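The file model_23.tsv contains TSV, C-alpha atoms:
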```
chain	number	residue	atom	x	y	z
C	66	MET	CA	-6.48	-14.67	10.36
C	67	LEU	CA	-7.87	-14.11	6.84
C	68	ARG	CA	-8.31	-17.08	4.55
C	69	LYS	CA	-10.08	-18.18	1.39
C	70	ASN	CA	-13.63	-17.15	2.23
C	71	LEU	CA	-12.66	-13.51	2.72
C	72	THR	CA	-15.42	-10.92	3.03
C	73	LEU	CA	-14.83	-7.59	1.37
C	74	ALA	CA	-15.17	-5.98	4.78
C	75	ALA	CA	-12.25	-8.05	5.99
C	76	ILE	CA	-10.24	-7.17	2.93
C	77	ALA	CA	-10.89	-3.47	3.42
C	78	ALA	CA	-9.85	-3.83	7.05
C	79	THR	CA	-6.29	-4.89	6.32
C	80	ALA	CA	-3.42	-2.44	6.39
C	81	ALA	CA	-0.74	-3.19	3.88
C	82	LEU	CA	1.08	0.06	3.88
C	83	THR	CA	4.34	1.23	5.32
C	84	LEU	CA	3.03	4.02	7.52
C	85	GLY	CA	2.95	4.04	11.31
C	86	ALA	CA	-0.27	4.70	13.24
C	87	CYS	CA	-0.89	7.52	15.68
C	88	ALA	CA	-3.84	8.10	17.95
C	89	THR	CA	-5.54	11.35	17.03
C	90	THR	CA	-9.04	11.27	15.51
C	91	PRO	CA	-10.35	14.42	13.82
C	92	THR	CA	-13.69	16.05	14.23
C	93	ASP	CA	-15.81	17.52	11.45
C	94	SER	CA	-13.82	20.21	9.70
C	95	GLY	CA	-16.41	21.84	7.53
C	96	ALA	CA	-13.62	22.42	5.00
C	97	SER	CA	-14.19	22.22	1.29
C	98	ALA	CA	-11.90	21.96	-1.65
C	99	GLY	CA	-11.73	24.85	-4.05
C	100	SER	CA	-9.49	27.88	-4.29
C	101	ALA	CA	-5.88	27.99	-3.13
C	102	ASP	CA	-7.08	30.19	-0.21
C	103	ASP	CA	-9.05	27.33	1.34
C	104	VAL	CA	-7.49	25.25	4.10
C	105	VAL	CA	-7.23	21.80	2.52
C	106	LYS	CA	-7.40	19.09	5.16
C	107	ILE	CA	-5.35	16.01	4.37
C	108	GLY	CA	-5.95	12.77	6.25
C	109	VAL	CA	-2.89	10.62	6.95
C	110	VAL	CA	-1.87	7.78	9.26
C	111	GLY	CA	1.36	8.66	11.01
C	112	ALA	CA	1.56	12.45	10.84
C	113	ALA	CA	4.56	12.44	13.18
C	114	ASP	CA	6.72	11.12	10.34
C	115	ASP	CA	9.29	13.74	9.35
C	116	LYS	CA	8.21	13.54	5.72
C	117	TRP	CA	4.97	15.38	6.52
C	118	ALA	CA	6.86	18.34	7.96
C	119	VAL	CA	8.77	18.51	4.69
C	120	PHE	CA	5.53	18.26	2.72
C	121	GLU	CA	3.94	21.11	4.72
C	122	LYS	CA	7.01	23.28	4.10
C	123	VAL	CA	6.94	22.66	0.34
C	124	ALA	CA	3.18	23.22	0.16
C	125	LYS	CA	3.55	26.56	1.96
C	126	GLU	CA	6.28	27.62	-0.46
C	127	GLU	CA	3.90	26.82	-3.32
C	128	GLY	CA	1.17	28.95	-1.77
C	129	LEU	CA	-0.98	25.98	-0.80
C	130	ASN	CA	-2.77	26.18	2.52
C	131	ILE	CA	-2.92	22.68	4.01
C	132	GLU	CA	-3.57	21.04	7.36
C	133	ILE	CA	-2.41	17.49	8.12
C	134	VAL	CA	-5.06	15.53	10.03
C	135	ASP	CA	-3.81	12.40	11.78
C	136	PHE	CA	-5.89	9.24	12.11
C	137	GLY	CA	-5.46	6.45	14.63
C	138	ASP	CA	-5.78	3.61	12.13
C	139	TYR	CA	-6.37	2.78	8.48
C	140	GLN	CA	-10.12	2.32	8.86
C	141	GLN	CA	-10.95	5.97	9.64
C	142	ALA	CA	-9.51	8.06	6.82
C	143	ASN	CA	-11.74	6.88	3.96
C	144	PRO	CA	-15.05	7.30	5.82
C	145	ALA	CA	-13.85	10.72	7.00
C	146	LEU	CA	-13.21	11.73	3.41
C	147	ALA	CA	-16.57	10.40	2.26
C	148	GLN	CA	-18.27	12.37	5.06
C	149	ASP	CA	-16.54	15.67	4.10
C	150	GLN	CA	-14.49	15.82	7.31
C	151	ILE	CA	-11.33	16.11	5.20
C	152	ASP	CA	-10.61	16.99	1.56
C	153	LEU	CA	-7.92	14.48	0.66
C	154	ASN	CA	-6.22	11.47	2.16
C	155	GLN	CA	-2.87	9.85	1.53
C	156	PHE	CA	-2.23	6.59	3.34
C	157	GLN	CA	-3.29	3.72	1.09
C	158	HIS	CA	-2.62	1.91	-2.14
C	159	LEU	CA	-5.11	1.16	-4.89
C	160	GLN	CA	-5.84	-2.37	-3.68
C	161	PHE	CA	-6.91	-1.08	-0.27
C	162	LEU	CA	-8.98	1.71	-1.83
C	163	ALA	CA	-10.77	-0.74	-4.13
C	164	GLY	CA	-11.72	-2.97	-1.20
C	165	TYR	CA	-13.11	0.01	0.68
C	166	ASN	CA	-15.09	1.35	-2.27
C	167	VAL	CA	-16.72	-1.98	-3.07
C	168	GLU	CA	-17.60	-2.81	0.53
C	169	ALA	CA	-18.83	0.69	1.41
C	170	GLY	CA	-20.58	1.32	-1.90
C	171	ASP	CA	-18.42	4.42	-2.29
C	172	ASP	CA	-16.61	6.01	-5.23
C	173	LEU	CA	-13.50	7.67	-3.81
C	174	GLN	CA	-10.98	8.33	-6.57
C	175	PRO	CA	-7.15	8.48	-6.84
C	176	ILE	CA	-5.83	11.80	-8.14
C	177	GLY	CA	-2.08	11.29	-7.84
C	178	ALA	CA	0.58	8.66	-7.21
C	179	THR	CA	3.25	8.59	-4.52
C	180	ALA	CA	5.27	5.38	-4.41
C	181	VAL	CA	5.41	1.61	-4.46
C	182	TYR	CA	7.19	-0.11	-1.59
C	183	PRO	CA	8.69	-3.39	-2.87
C	184	LEU	CA	7.79	-6.57	-0.99
C	185	ALA	CA	10.70	-8.96	-0.60
C	186	LEU	CA	11.79	-12.49	0.29
C	187	TYR	CA	14.41	-12.96	3.04
C	188	SER	CA	16.19	-16.01	4.43
C	189	SER	CA	18.55	-16.74	7.30
C	190	LYS	CA	19.36	-20.19	5.92
C	191	HIS	CA	20.08	-19.49	2.27
C	192	THR	CA	22.12	-16.82	0.53
C	193	ALA	CA	20.65	-17.16	-2.95
C	194	LEU	CA	17.21	-17.79	-4.39
C	195	GLU	CA	18.35	-20.95	-6.17
C	196	ASP	CA	19.50	-22.44	-2.86
C	197	ILE	CA	15.95	-22.76	-1.56
C	198	PRO	CA	15.22	-26.50	-1.83
C	199	ALA	CA	12.24	-28.21	-3.43
C	200	GLY	CA	9.68	-28.82	-0.73
C	201	GLY	CA	11.01	-25.90	1.29
C	202	GLU	CA	8.75	-23.76	3.45
C	203	ILE	CA	8.15	-20.04	2.98
C	204	ALA	CA	6.28	-17.93	5.54
C	205	VAL	CA	3.99	-15.24	4.14
C	206	PRO	CA	1.83	-12.56	5.81
C	207	ASN	CA	-1.70	-13.84	6.38
C	208	ASP	CA	-3.67	-10.59	5.98
C	209	ALA	CA	-5.55	-10.46	2.70
C	210	THR	CA	-3.68	-7.72	0.87
C	211	ASN	CA	-0.20	-8.84	1.85
C	212	LEU	CA	-0.97	-12.52	1.34
C	213	ALA	CA	-2.00	-12.08	-2.28
C	214	ARG	CA	0.95	-9.84	-3.02
C	215	ALA	CA	3.39	-12.22	-1.29
C	216	LEU	CA	2.11	-15.10	-3.42
C	217	LEU	CA	2.64	-13.04	-6.56
C	218	VAL	CA	6.20	-12.30	-5.42
C	219	LEU	CA	6.88	-16.02	-4.92
C	220	GLN	CA	5.40	-16.80	-8.32
C	221	GLU	CA	7.60	-14.14	-9.92
C	222	ALA	CA	10.56	-15.79	-8.17
C	223	LYS	CA	9.45	-19.12	-9.72
C	224	LEU	CA	9.00	-20.74	-6.32
C	225	ILE	CA	5.25	-21.32	-6.70
C	226	GLU	CA	2.59	-21.49	-9.38
C	227	LEU	CA	-0.84	-19.95	-8.84
C	228	LYS	CA	-4.19	-21.03	-10.21
C	229	ASP	CA	-5.09	-19.09	-13.36
C	230	GLY	CA	-1.85	-17.14	-13.08
C	231	GLY	CA	-2.80	-15.52	-9.78
C	232	SER	CA	-4.18	-12.07	-9.01
C	233	SER	CA	-4.24	-9.45	-6.28
C	234	LEU	CA	-7.00	-11.55	-4.67
C	235	SER	CA	-5.13	-14.88	-4.58
C	236	THR	CA	-4.96	-16.94	-1.37
C	237	GLU	CA	-2.88	-19.93	-0.28
C	238	ALA	CA	-5.67	-22.15	-1.66
C	239	ASP	CA	-4.60	-21.01	-5.14
C	240	VAL	CA	-1.04	-22.39	-4.79
C	241	LEU	CA	-0.81	-25.31	-7.21
C	242	PRO	CA	0.67	-28.71	-6.24
C	243	SER	CA	3.29	-28.22	-8.96
C	244	SER	CA	4.90	-25.46	-6.88
C	245	LYS	CA	8.52	-25.88	-5.75
C	246	VAL	CA	7.82	-24.79	-2.16
C	247	LYS	CA	4.94	-24.74	0.27
C	248	VAL	CA	3.67	-21.55	1.88
C	249	THR	CA	2.69	-20.99	5.49
C	250	PRO	CA	0.61	-17.89	6.26
C	251	VAL	CA	1.45	-16.23	9.59
C	252	ASP	CA	0.74	-12.88	11.17
C	253	ALA	CA	2.74	-10.22	9.32
C	254	ALA	CA	4.56	-9.28	12.51
C	255	GLN	CA	5.72	-12.90	12.89
C	256	THR	CA	7.25	-13.31	9.44
C	257	ALA	CA	10.69	-12.08	10.49
C	258	ILE	CA	10.63	-14.19	13.66
C	259	SER	CA	9.76	-17.27	11.60
C	260	LEU	CA	13.03	-17.01	9.64
C	261	GLN	CA	14.66	-19.29	12.21
C	262	SER	CA	12.33	-22.18	11.36
C	263	VAL	CA	11.57	-21.80	7.64
C	264	ASP	CA	13.56	-21.55	4.43
C	265	GLY	CA	12.43	-18.01	3.80
C	266	ALA	CA	9.81	-15.40	4.56
C	267	ILE	CA	8.12	-12.52	2.78
C	268	ILE	CA	8.58	-9.60	5.19
C	269	ASN	CA	6.99	-6.15	5.09
C	270	ASN	CA	9.32	-3.15	5.25
C	271	ASP	CA	7.77	-2.22	8.61
C	272	PHE	CA	9.44	-5.15	10.35
C	273	LEU	CA	12.89	-5.16	8.77
C	274	GLU	CA	14.70	-2.82	11.14
C	275	ASP	CA	13.51	-4.56	14.31
C	276	ALA	CA	14.62	-7.88	12.82
C	277	GLY	CA	18.08	-6.54	12.03
C	278	LEU	CA	17.45	-6.85	8.29
C	279	LYS	CA	18.19	-4.42	5.49
C	280	PRO	CA	16.45	-4.17	2.10
C	281	GLU	CA	19.68	-5.24	0.39
C	282	ASP	CA	19.53	-8.55	2.31
C	283	ALA	CA	16.56	-9.66	0.21
C	284	LEU	CA	16.92	-12.70	-2.03
C	285	PHE	CA	14.16	-11.43	-4.30
C	286	GLN	CA	11.59	-8.63	-4.48
C	287	ASP	CA	8.73	-7.74	-6.77
C	288	ASP	CA	9.29	-5.42	-9.69
C	289	PRO	CA	7.73	-2.04	-8.82
C	290	ASP	CA	7.38	-1.25	-12.52
C	291	SER	CA	5.52	-4.45	-13.42
C	292	SER	CA	1.78	-4.62	-14.04
C	293	ALA	CA	1.52	-6.95	-11.02
C	294	SER	CA	2.66	-4.07	-8.79
C	295	GLU	CA	0.07	-1.60	-10.05
C	296	PRO	CA	-2.50	-2.41	-7.33
C	297	TYR	CA	0.13	-1.46	-4.75
C	298	ILE	CA	0.76	2.08	-5.97
C	299	ASN	CA	0.15	4.40	-3.03
C	300	VAL	CA	-2.15	7.25	-3.94
C	301	TRP	CA	-3.73	10.58	-3.10
C	302	VAL	CA	-7.49	10.10	-2.82
C	303	ALA	CA	-10.38	12.56	-3.19
C	304	ARG	CA	-14.14	12.36	-3.43
C	305	ALA	CA	-15.29	11.64	-6.99
C	306	ALA	CA	-16.91	15.08	-7.21
C	307	ASP	CA	-13.52	16.69	-6.46
C	308	LYS	CA	-11.25	14.55	-8.63
C	309	ASP	CA	-10.66	17.41	-11.09
C	310	ASP	CA	-10.26	20.14	-8.46
C	311	GLU	CA	-7.20	22.19	-9.43
C	312	THR	CA	-6.04	22.87	-5.88
C	313	LEU	CA	-6.24	19.21	-4.89
C	314	LEU	CA	-4.40	18.17	-8.04
C	315	LYS	CA	-1.64	20.69	-7.26
C	316	ILE	CA	-1.26	19.22	-3.78
C	317	ALA	CA	-1.09	15.67	-5.10
C	318	ALA	CA	1.49	16.75	-7.69
C	319	LEU	CA	3.83	17.81	-4.86
C	320	SER	CA	4.72	14.13	-4.48
C	321	GLN	CA	6.94	14.69	-7.54
C	322	ASN	CA	8.80	17.56	-5.84
C	323	GLU	CA	12.49	16.75	-5.24
C	324	GLU	CA	12.40	17.61	-1.53
C	325	VAL	CA	9.25	15.55	-1.01
C	326	ILE	CA	10.74	12.60	-2.90
C	327	ALA	CA	13.88	12.74	-0.78
C	328	ALA	CA	11.78	12.78	2.41
C	329	GLU	CA	9.66	9.87	1.17
C	330	LYS	CA	12.70	7.77	0.40
C	331	LYS	CA	14.27	8.59	3.76
C	332	ALA	CA	11.09	7.63	5.59
C	333	SER	CA	11.02	4.26	3.83
C	334	GLY	CA	14.67	3.44	4.46
C	335	GLY	CA	15.41	3.97	0.79
C	336	THR	CA	12.91	1.37	-0.41
C	337	ALA	CA	10.24	3.69	-1.88
C	338	VAL	CA	10.03	3.65	-5.66
C	339	ILE	CA	8.41	6.92	-6.73
C	340	LYS	CA	5.54	6.63	-9.21
C	341	ASP	CA	4.11	9.36	-11.43
C	342	ASN	CA	1.03	7.71	-12.96
C	343	SER	CA	-1.59	10.17	-14.17
C	344	PRO	CA	-4.95	10.42	-12.37
C	345	ALA	CA	-6.66	8.86	-15.40
C	346	ASP	CA	-4.26	5.92	-15.34
C	347	LEU	CA	-4.75	5.38	-11.60
C	348	GLN	CA	-8.52	5.58	-11.95
C	349	GLU	CA	-8.45	2.98	-14.70
C	350	ILE	CA	-6.34	0.62	-12.57
C	351	LEU	CA	-8.71	1.14	-9.64
C	352	ALA	CA	-11.76	0.33	-11.77
C	353	GLY	CA	-10.16	-2.95	-12.83
C	354	ILE	CA	-9.42	-3.98	-9.25
C	355	GLU	CA	-12.95	-3.10	-8.16
C	356	GLU	CA	-14.32	-5.21	-11.01
C	357	ASN	CA	-12.26	-8.15	-9.77
C	358	TYR	CA	-13.59	-7.70	-6.25
C	359	ARG	CA	-17.19	-7.69	-7.47
C	360	ALA	CA	-16.59	-10.75	-9.64
C	361	GLN	CA	-15.29	-12.58	-6.59
C	362	GLY	CA	-18.63	-11.88	-4.98
```

Now that the file is in, can you turn its structure into structure tokens?
Amino acid sequence: MLRKNLTLAAIAATAALTLGACATTPTDSGASAGSADDVVKIGVVGAADDKWAVFEKVAKEEGLNIEIVDFGDYQQANPALAQDQIDLNQFQHLQFLAGYNVEAGDDLQPIGATAVYPLALYSSKHTALEDIPAGGEIAVPNDATNLARALLVLQEAKLIELKDGGSSLSTEADVLPSSKVKVTPVDAAQTAISLQSVDGAIINNDFLEDAGLKPEDALFQDDPDSSASEPYINVWVARAADKDDETLLKIAALSQNEEVIAAEKKASGGTAVIKDNSPADLQEILAGIEENYRAQG
């Protein structure tokens, strides 16, 4: 699918998040951010998830007037925000946002953090990381965002070494010959199926339940508190002109509410690691990722 000569458009087109997709596309809302009396339209992917009902309840209790707007896929919510159809969106992590901004020439900004969803290594042949043999084969998702992150997970597990230490833009071409195992990129949906023929696979949370796997079955997962996981912090996103809007900041801050946190963790099968990075911190991380994208050319 996506390989070394990735275009930024292709990168921005990958969905590396743990939200399901529904089929409703919004029309122009005419809404604007501002006072707490405004209806703030929030773009999401997968509005049917129970966590959004909890979020709406909490927002109402806090006197915040919101409307959840569902999008059919990950490619619609950022352009809709840029075109003033919605006021906020919450469906993506910083890596995805950076790819969109650079490709579209946009400047959407994160104004609040939600969670990191750890990415993990599973095996049906081995019960411990050290049991994976030299020369073994590990399947990894082949879409750009997941591929780079999967390679960083394997490097953290000391199964591979990446050129120049690796980054959130690494590909299989950056795996050094000194690595203990070889990697085989496959469609993300096929990673769990491939467990029968490989020594291990990096599998997204989305596919665990259908494969009969549980998060605790993982041999290894990335550290959600490490700097390597920062690009994968899921965020609330606003237009740059609205990044200091008090109402929008209050809505984003609801991700730290106890009821909302409980709903988020339930929706992720207990895997979500809640993050509370400040808007300034998130914006700094985003700027660094965007710089890396531009340097890649």

(Q) Can you tell me which residues surround Pro175 (chain C) at a distance of at most 6 Å, considering only C-alpha atoms, apart from same-chain residues fewer than 2 positions away, and format the answer as a list in words? (A) Gly177, Val300, Trp301 and Val302 of chain C

Q.
If we count only C-alpha atoms and set the cut-off at 9 Å, which residues sit around region 198-208 of chain C, ignoring sequence neighbours fewer than 2 positions away in its own chain? Please answer as a PyMOL selection string.
A. chain C and resi 66-68+75-76+79-81+186+195-196+210-213+215-216+219+224+236+244-257+259-260+262-269

Q) From the list C:Leu347, C:Leu227, C:Val109, C:Ala283, which residue is nearest Lys308 (chain C) when using all atoms listed in the file? A) C:Leu347

Q: Measure the distance from CA of Ser320 (chain C) to CA of Pro344 (chain C) in Å and round it to one decimal.
A: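 CA of Ser320 (chain C) sits 13.0 Å away from CA of Pro344 (chain C).
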
Q: Have a look at CA of Glu274 (chain C) and CA of Phe120 (chain C) and let me know their distance in Å, one decimal.
A: 24.5 Å

Edge lengths and centre in Å, axis-aligned, region 305-322 of chain C plus 4 Å each side, as JSON:
```
{"center_x": -4.1, "center_y": 17.3, "center_z": -7.4, "size_x": 33.7, "size_y": 19.2, "size_z": 15.3}
```

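Using only C-alpha atoms, the shortest contact distance between Glu355 (chain C) and any of C:Asn143, C:Gln220, C:Gln174, C:Gln286 is found at C:Gln174.
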
(Q) Can you measure CA of Glu237 (chain C) to CA of Asp287 (chain C) for me? One decimal in Å is fine. (A) 18.0 Å

(Q) Ranking C:Val105, C:Leu241, C:Val119, C:Ala142 by minimum distance to Asn322 (chain C) and counting all atoms listed in the file, which one comes first? (A)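 Of C:Val105, C:Leu241, C:Val119, C:Ala142, the one nearest Asn322 (chain C) is C:Val119, counting all atoms listed in the file.
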
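Minimum atom-to-atom distance to Ser232 (chain C), evaluated using all atoms listed in the file, belongs to C:Gly353 out of C:Pro144, C:Gly108, C:Gly128, C:Gly353.
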
Q.
Using all atoms listed in the file, can you tell me which of C:Gly277, C:Val181, C:Glu323, C:Phe285 comes closest to Ile197 (chain C)?
A.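 Closest candidate: C:Phe285.
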
Q) Taking all atoms listed in the file into account, which of C:Asn299, C:Gln141, C:Asn130, C:Ser291 comes nearest Phe156 (chain C)? A)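 Ranked by minimum distance to Phe156 (chain C), first place goes to C:Asn299.
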